[in-house]
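Trainee: My questions all concern the structure below.
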Amino acid sequence: MRTTRTRLLLVAAALVAGPALAACGSDATSGASGSSGGDCVLKIGTLGPLTGPAADFGLSMEATAKFVASEANAEGGLEVGDKKCKVQVSSYDTGYTSQGAAAGATEFASKGIKFVIGPLGATELTGMKPVAARYDMLLAANGFGRDALEKKYPLVFHLGPGPFVWAGPIIEAAKKEFNFKNVKVIAPNDQSGDDIAIVDEQQYKKAGLDVARDTYQRGTQDFAPVVSRLLRSKPDLIDFASSPAGDVGTMIKQLRQAGYDGTFARLGGDSTGEITKVAGLNNMKDFFYYAPVNFGSDEVKKIQPAFKKATGMEATGISLGWIPGARTLLESITEAGTINDTKAVAEAMRSHDLKDDLLGQGVYTGEEEFGVNQEMSWPFNMGVIKGGQPATFTQLEANK
Amino acid sequence: MGEFIQTTIGGLTLGAQYALMALGFSLAFGILRVINFAHGAFYVVGGYLAYWITNEVGLPYVLGVIVAVLGTAAIGYVFELFVIERRIDDHLATIVMTLGASLIGGAAMLSLFGAQAAQFEGGLTGTFRFGGVFVPHARVMIIAVAGLAIAAVYLLLYKTQVGNALRALTDDREMAVAMGMRPKVLFPMAFAIATGLAGLTGALVTPQFSLAPFVGEHVLMISFLAVILGGLGSLPGAVIASVLVGLVEAFVGTYVGGSWAPLILFTGILVLLVARPSGLLGHRTIIDA
């Protein structure tokens, strides 16, 4: 057999471009939720990027699901009607893609899973919603997309507040801490990047600031050209919105190398720990961000060891921030007294009082932005790093 | 004017980094005819070895770089000798093998170091400034090392007996073996040099960007791009293509927008490959499989 380099090249190019490789599903357990032989088992699905550059997000979400399951199991199981149901968690790796999340929904459906904690990305949620709706699956999701929640998908809830809720209050609070007037927002040029960056841009405008938005290609490694472009407009605040943590850290490092002396913001999902690791605390210097929890609070300090024991990983801000929403799901299953009727559980969720030991009193938001009031908005924080010192937190309330 | 100079310097430094990334990839293909999909994984392993020596063991960064080069070269040597060499003439098999090695490498780093990026600052943190132009010290070092590596690989291949033997094995393996050359010694060595270069790149470049288990995917993409554009197997072609890619990325990224750089870059490459399918300095040949 003879083969040319061209043929070899074609095969190789197909492999390089093959995003399917990233979406490798995995599931450690099998069998549907239900009662057999007197044993009641509630299977909760959780999905997100468990490998790849965004694995930190997916593993955090998986850990949240495992933690609330462990809490319920420590009580002998979740009370559902007159039974105690053991809660099992089934994980799926979406590769942070829309098609991965859709495949995950199908996988869960084939296992009879009706309740899902996740997905977490805007594109994942977009891909998963139609498939989940087909199987009456209830999603306690996180995606910050502008159409994350919709009237036509009544079984989709937000585990925590989105940028519509927290961006405005954080910007107002940050104006008192830092001096900025000219803002540049930068994020990747895809749905996950755009959706949050556009909301942030609108909120800066509302706050009376001069703001411009720019984009870059997701996967960029060297940000030198982006840095030159950012510096051209001489901003005194650069907001990275939902850019991946590694990208943000690298940009901060390169901006400081280029002599930028202004303030940074990250009004997107919280991954300050990883950003700091990449950029170095000295380069962060003046930085404010959306923080779901206050790491200095007694409640957070108390829960951290238990979280690590149950999940095997250190609690991240996002994993802790998702706990009240995940608990709400389990409490609503108890309230509805069913592990099969997702509509009844959704109804119980809507009438839940959203009171939680970890974050306090939450409220439902979303009517104004999505036309549906199914976003669980817990009290949140503005994290502030000033002068390269460790973060301090200011608690803020949701704009209902 | 300052911005133009800054962009040019930025493009050249970007090109030098890409050249360093592409060099090992091009070498593996040029000598062994193996498209090494594990190149990005070796880059990541090199980065983590340097990080481990520097941050965990507490030794100087220079030693970390040396360990990264030797460690990745050793892994590459063993991998070629015991895995690749058994199916060296089956190009599809080697693609699958290296792809498997890439996945194993990424998963291993994930298990050992976790999903979060490592805090790795490397050795050089300062910046040269003149006028409105800035060049980080680390980038100057990378350009210097890239230049030395390119020169060393060129001298090895074209000015030594080992290089002659390697090229002879590439041209006609059976004839070269009949002449007394030993592929089971030379091929693992060539592959070790290629993976050692990937490790060197990882150790030098990851402190400037970020170090996480899967950052090698982009490196693989850039290396592949530079090697195709330059002409498969052509080291000078890969270097020229790397610099071109760096300059295009820098100028488009600065003056048009970060999102436009890939569009313009890949459109240009597409046009060029239609006009010249063998790349800038490549030549079309037939491989027996």
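Ordering of the structure tokens sets the chain letters (A, B, ...); residue numbers start at 1 within each chain; ligands are numbered from 1 in the order shown.
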Would you mind writing down, as a PyMOL selection string, each residue of region 60-284 of chain A that DSSP on the backbone assigns to helix (DSSP H, G or I)?

Mentor: chain A and resi 60-74+98-110+122-134+163-177+191-206+224-232+245-257+272-279+281-284

Trainee: Please list as a JSON list (two decimals) with N, CA and C atoms, in the first residue's frame every residue within 6 Å of region 266-278 of chain A, counting only C-alpha atoms and excluding residues in the same chain fewer than 4 positions away.

Mentor:
```
[["chain", "number", "residue", "atom", "x", "y", "z"],
["A", 239, "ASP", "N", -11.90, 44.79, 32.94],
["A", 239, "ASP", "CA", -12.74, 43.72, 33.48],
["A", 239, "ASP", "C", -12.65, 42.51, 32.54],
["A", 240, "PHE", "N", -12.28, 41.36, 33.10],
["A", 240, "PHE", "CA", -12.09, 40.16, 32.28],
["A", 240, "PHE", "C", -13.37, 39.32, 32.17],
["A", 241, "ALA", "N", -14.46, 39.81, 32.75],
["A", 241, "ALA", "CA", -15.76, 39.13, 32.69],
["A", 241, "ALA", "C", -15.59, 37.62, 32.98],
["A", 242, "SER", "N", -16.01, 36.77, 32.04],
["A", 242, "SER", "CA", -15.95, 35.32, 32.32],
["A", 242, "SER", "C", -14.79, 34.64, 31.61],
["A", 245, "ALA", "N", -9.80, 31.34, 33.84],
["A", 245, "ALA", "CA", -8.87, 31.80, 34.87],
["A", 245, "ALA", "C", -7.42, 31.89, 34.36],
["A", 249, "GLY", "N", -5.12, 35.25, 34.33],
["A", 249, "GLY", "CA", -3.83, 35.32, 35.01],
["A", 249, "GLY", "C", -2.72, 35.73, 34.05],
["A", 289, "TYR", "N", -13.78, 41.50, 42.48],
["A", 289, "TYR", "CA", -14.42, 40.40, 41.79],
["A", 289, "TYR", "C", -15.70, 39.95, 42.48],
["A", 290, "TYR", "N", -16.51, 39.22, 41.71],
["A", 290, "TYR", "CA", -17.71, 38.61, 42.27],
["A", 290, "TYR", "C", -17.29, 37.39, 43.07],
["A", 291, "ALA", "N", -17.64, 37.37, 44.35],
["A", 291, "ALA", "CA", -17.29, 36.25, 45.22],
["A", 291, "ALA", "C", -18.57, 35.68, 45.81],
["B", 119, "GLN", "N", 1.25, 27.61, 40.34],
["B", 119, "GLN", "CA", 1.87, 28.92, 40.54],
["B", 119, "GLN", "C", 3.35, 28.82, 40.18],
["B", 210, "SER", "N", 0.72, 30.09, 31.27],
["B", 210, "SER", "CA", 0.18, 29.38, 32.43],
["B", 210, "SER", "C", 0.51, 27.90, 32.32]]
```

Trainee: Of the candidates B:Gly258, B:Gly282, B:Gly163, B:Pro183, which one gets nearest to chain A if we count only C-alpha atoms?

Mentor: B:Gly258

Trainee: Here is a test: counting only C-alpha atoms, which residue of B:Gly199, B:Gly237, B:Pro277, B:Gly253 is nearest to chain A?

Mentor: B:Gly253
